[in-house]
Amino acid sequence: MTLAVSESERERHVLIADDEPHIGRIIKMKLEQGPFRVTLVHDGAEALEVLQREDDVDVVLLDLMMPNLSGLDVLERMRADARLRSLPCIILTAAGQEQQYRRAMALGATEFITKPFSPKKLYARTAALSGVRDDHAGLPA
């Protein structure tokens with residue numbers, strides 16, 4: 001007998017692209033405390049490969065400054081692809097420059113979060129964007 005999982009209870013797939021391994025691991029560990037399956041890559045080209053290969057990604061977290069393709073390059077290509085156009089995307093950056101913020105938002109970023117950030121707040125934003133119920137979002141920091 002198979003039990004149906006409601007949309008609000010299903011595991012969400014989050015793609016994280018960050019070239020700083022320790023940042024990516026911190027985010028991955030935090031999200032995996034909840035109903036998230038995480039794919040972690042270290043540059044923009046890898047992020048695009050995952051997005052082309054996998055059709056179940058629910059939210060993308062992109063570092064702004066990465067080798068090969070920047071987070072903005074990946075976002076621009078996502079928004080040009082009809083399949084990825086509406087996929088929620090959070091831009092993470094240490095830069096925090098106004099020009100980069102404006103470009104990210106013009107390209108269709110859902111959120112722009114400056115490092116250092118609270119893992120708990122990032123979890124809450126990711127949960128909200130992927131439709132995770134609030135009782136999952138209240139996990140310990």
# chains A, B, ... in the order shown; residues from 1 in each chain; ligands from 1
$ residues_around --residues "range 13-28 of chain A" --least-positions-apart "4" --cutoff "6 Å" --atoms "only C-alpha atoms" --output "ChimeraX atom specification"
/A:36-43,57-63,66
$ write_last_selection --atoms "C-alpha atoms" --output "mmCIF file, in the first residue's frame"
data_model
loop_
_atom_site.group_PDB
_atom_site.id
_atom_site.type_symbol
_atom_site.label_atom_id
_atom_site.label_comp_id
_atom_site.auth_asym_id
_atom_site.auth_seq_id
_atom_site.Cartn_x
_atom_site.Cartn_y
_atom_site.Cartn_z
ATOM 1 C CA PHE A 36 14.897 19.468 1.651
ATOM 2 C CA ARG A 37 17.077 17.431 -0.670
ATOM 3 C CA VAL A 38 20.106 19.538 -1.571
ATOM 4 C CA THR A 39 22.374 19.458 -4.603
ATOM 5 C CA LEU A 40 25.556 21.458 -3.981
ATOM 6 C CA VAL A 41 27.751 22.645 -6.851
ATOM 7 C CA HIS A 42 30.716 25.016 -6.871
ATOM 8 C CA ASP A 43 30.360 27.096 -10.033
ATOM 9 C CA VAL A 57 14.473 21.675 -8.604
ATOM 10 C CA ASP A 58 12.163 23.852 -6.470
ATOM 11 C CA VAL A 59 14.501 26.706 -5.453
ATOM 12 C CA VAL A 60 17.955 27.858 -6.584
ATOM 13 C CA LEU A 61 20.475 29.600 -4.306
ATOM 14 C CA LEU A 62 23.214 31.292 -6.346
ATOM 15 C CA ASP A 63 26.388 32.941 -5.124
ATOM 16 C CA MET A 66 31.707 32.208 -8.975
#
$ residues_around --residues "Ala94 in chain A" --least-positions-apart "2" --cutoff "9 Å" --atoms "only C-alpha atoms" --output "list in words"
Asp63, Leu64, Met65, Leu92, Gly96, Gln97, Ile113, Thr114, Lys115 and Pro116 of chain A
$ write_last_selection --atoms "C-alpha atoms" --output "CSV table (one decimal), in the first residue's frame"
chain,number,residue,atom,x,y,z
A,63,ASP,CA,26.4,32.9,-5.1
A,64,LEU,CA,27.0,36.1,-7.1
A,65,MET,CA,30.8,35.7,-7.7
A,92,LEU,CA,23.7,35.3,-2.2
A,96,GLY,CA,26.2,43.8,-1.5
A,97,GLN,CA,26.7,46.5,-4.2
A,113,ILE,CA,20.7,38.2,0.5
A,114,THR,CA,24.0,39.7,1.6
A,115,LYS,CA,26.6,37.5,3.4
A,116,PRO,CA,27.0,37.1,6.3
$ select_by_dssp --residues "chain A" --states "helix (DSSP H, G or I)" --output "count of residues only"
57
$ residues_around --residues "range 104-112 of chain A" --least-positions-apart "2" --cutoff "10 Å" --atoms "only C-alpha atoms" --output "JSON, numbers by chain"
{"A": [59, 60, 61, 62, 63, 64, 71, 72, 73, 75, 76, 77, 78, 79, 80, 85, 86, 87, 88, 89, 90, 91, 92, 93, 96, 98, 99, 100, 101, 102, 114, 115, 125, 126, 129]}
$ select_by_dssp --residues "chain A" --states "strand (DSSP E or B)" --output "PyMOL selection string"
chain A and resi 12-17+36-41+57-63+89-93+111-114
$ write_last_selection --atoms "N, CA and C atoms" --output "compact mmCIF listing (two decimals), in the first residue's frame"
# COMPACT_ATOMS: atom_id res chain seq x y z
N ARG A 12 11.49 18.92 -0.86
CA ARG A 12 11.80 19.93 -1.86
C ARG A 12 13.26 19.78 -2.28
N HIS A 13 13.51 20.04 -3.55
CA HIS A 13 14.88 19.95 -4.09
C HIS A 13 15.44 21.36 -4.23
N VAL A 14 16.54 21.62 -3.55
CA VAL A 14 17.19 22.92 -3.58
C VAL A 14 18.56 22.76 -4.23
N LEU A 15 18.85 23.60 -5.20
CA LEU A 15 20.17 23.65 -5.82
C LEU A 15 20.92 24.83 -5.23
N ILE A 16 22.11 24.54 -4.67
CA ILE A 16 22.99 25.58 -4.13
C ILE A 16 24.23 25.65 -5.01
N ALA A 17 24.56 26.85 -5.49
CA ALA A 17 25.78 27.06 -6.25
C ALA A 17 26.60 28.12 -5.52
N PHE A 36 14.17 19.06 2.85
CA PHE A 36 14.90 19.47 1.65
C PHE A 36 15.93 18.43 1.24
N ARG A 37 15.99 18.20 -0.06
CA ARG A 37 17.08 17.43 -0.67
C ARG A 37 17.93 18.48 -1.36
N VAL A 38 19.23 18.48 -1.09
CA VAL A 38 20.11 19.54 -1.57
C VAL A 38 21.13 19.00 -2.56
N THR A 39 21.28 19.70 -3.67
CA THR A 39 22.37 19.46 -4.60
C THR A 39 23.30 20.66 -4.48
N LEU A 40 24.57 20.39 -4.18
CA LEU A 40 25.56 21.46 -3.98
C LEU A 40 26.58 21.40 -5.10
N VAL A 41 26.74 22.52 -5.80
CA VAL A 41 27.75 22.65 -6.85
C VAL A 41 28.60 23.88 -6.55
N VAL A 57 13.90 20.65 -9.48
CA VAL A 57 14.47 21.68 -8.60
C VAL A 57 13.37 22.68 -8.25
N ASP A 58 13.22 22.95 -6.94
CA ASP A 58 12.16 23.85 -6.47
C ASP A 58 12.65 25.27 -6.20
N VAL A 59 13.91 25.40 -5.77
CA VAL A 59 14.50 26.71 -5.45
C VAL A 59 15.99 26.64 -5.79
N VAL A 60 16.53 27.76 -6.28
CA VAL A 60 17.96 27.86 -6.58
C VAL A 60 18.57 28.95 -5.71
N LEU A 61 19.70 28.62 -5.07
CA LEU A 61 20.48 29.60 -4.31
C LEU A 61 21.78 29.80 -5.06
N LEU A 62 22.03 31.01 -5.52
CA LEU A 62 23.21 31.29 -6.35
C LEU A 62 24.12 32.32 -5.68
N ASP A 63 25.40 31.96 -5.53
CA ASP A 63 26.39 32.94 -5.12
C ASP A 63 26.59 33.88 -6.31
N CYS A 89 14.64 32.05 -7.26
CA CYS A 89 16.10 32.13 -7.21
C CYS A 89 16.53 33.18 -6.19
N ILE A 90 17.33 32.74 -5.23
CA ILE A 90 17.88 33.64 -4.22
C ILE A 90 19.35 33.87 -4.57
N ILE A 91 19.73 35.13 -4.71
CA ILE A 91 21.12 35.49 -4.97
C ILE A 91 21.80 35.75 -3.62
N LEU A 92 22.94 35.08 -3.40
CA LEU A 92 23.74 35.27 -2.19
C LEU A 92 25.03 35.96 -2.58
N THR A 93 25.40 36.99 -1.84
CA THR A 93 26.63 37.68 -2.18
C THR A 93 27.29 38.34 -0.98
N GLU A 111 15.00 36.92 -4.51
CA GLU A 111 15.55 37.52 -3.29
C GLU A 111 17.03 37.84 -3.54
N PHE A 112 17.57 38.75 -2.77
CA PHE A 112 18.99 39.10 -2.82
C PHE A 112 19.43 39.19 -1.36
N ILE A 113 20.29 38.28 -0.93
CA ILE A 113 20.70 38.21 0.47
C ILE A 113 22.22 38.41 0.55
N THR A 114 22.63 39.34 1.42
CA THR A 114 24.04 39.66 1.58
C THR A 114 24.67 38.81 2.69
$ closest_residue --among "A:Lys121, A:Pro35, A:Gln52, A:Arg103" --to "Arg83 in chain A" --atoms "only C-alpha atoms"
A:Gln52
$ atom_distance --atom1 "CA of Leu31 in chain A" --atom2 "CA of Tyr123 in chain A"
6.1 Å
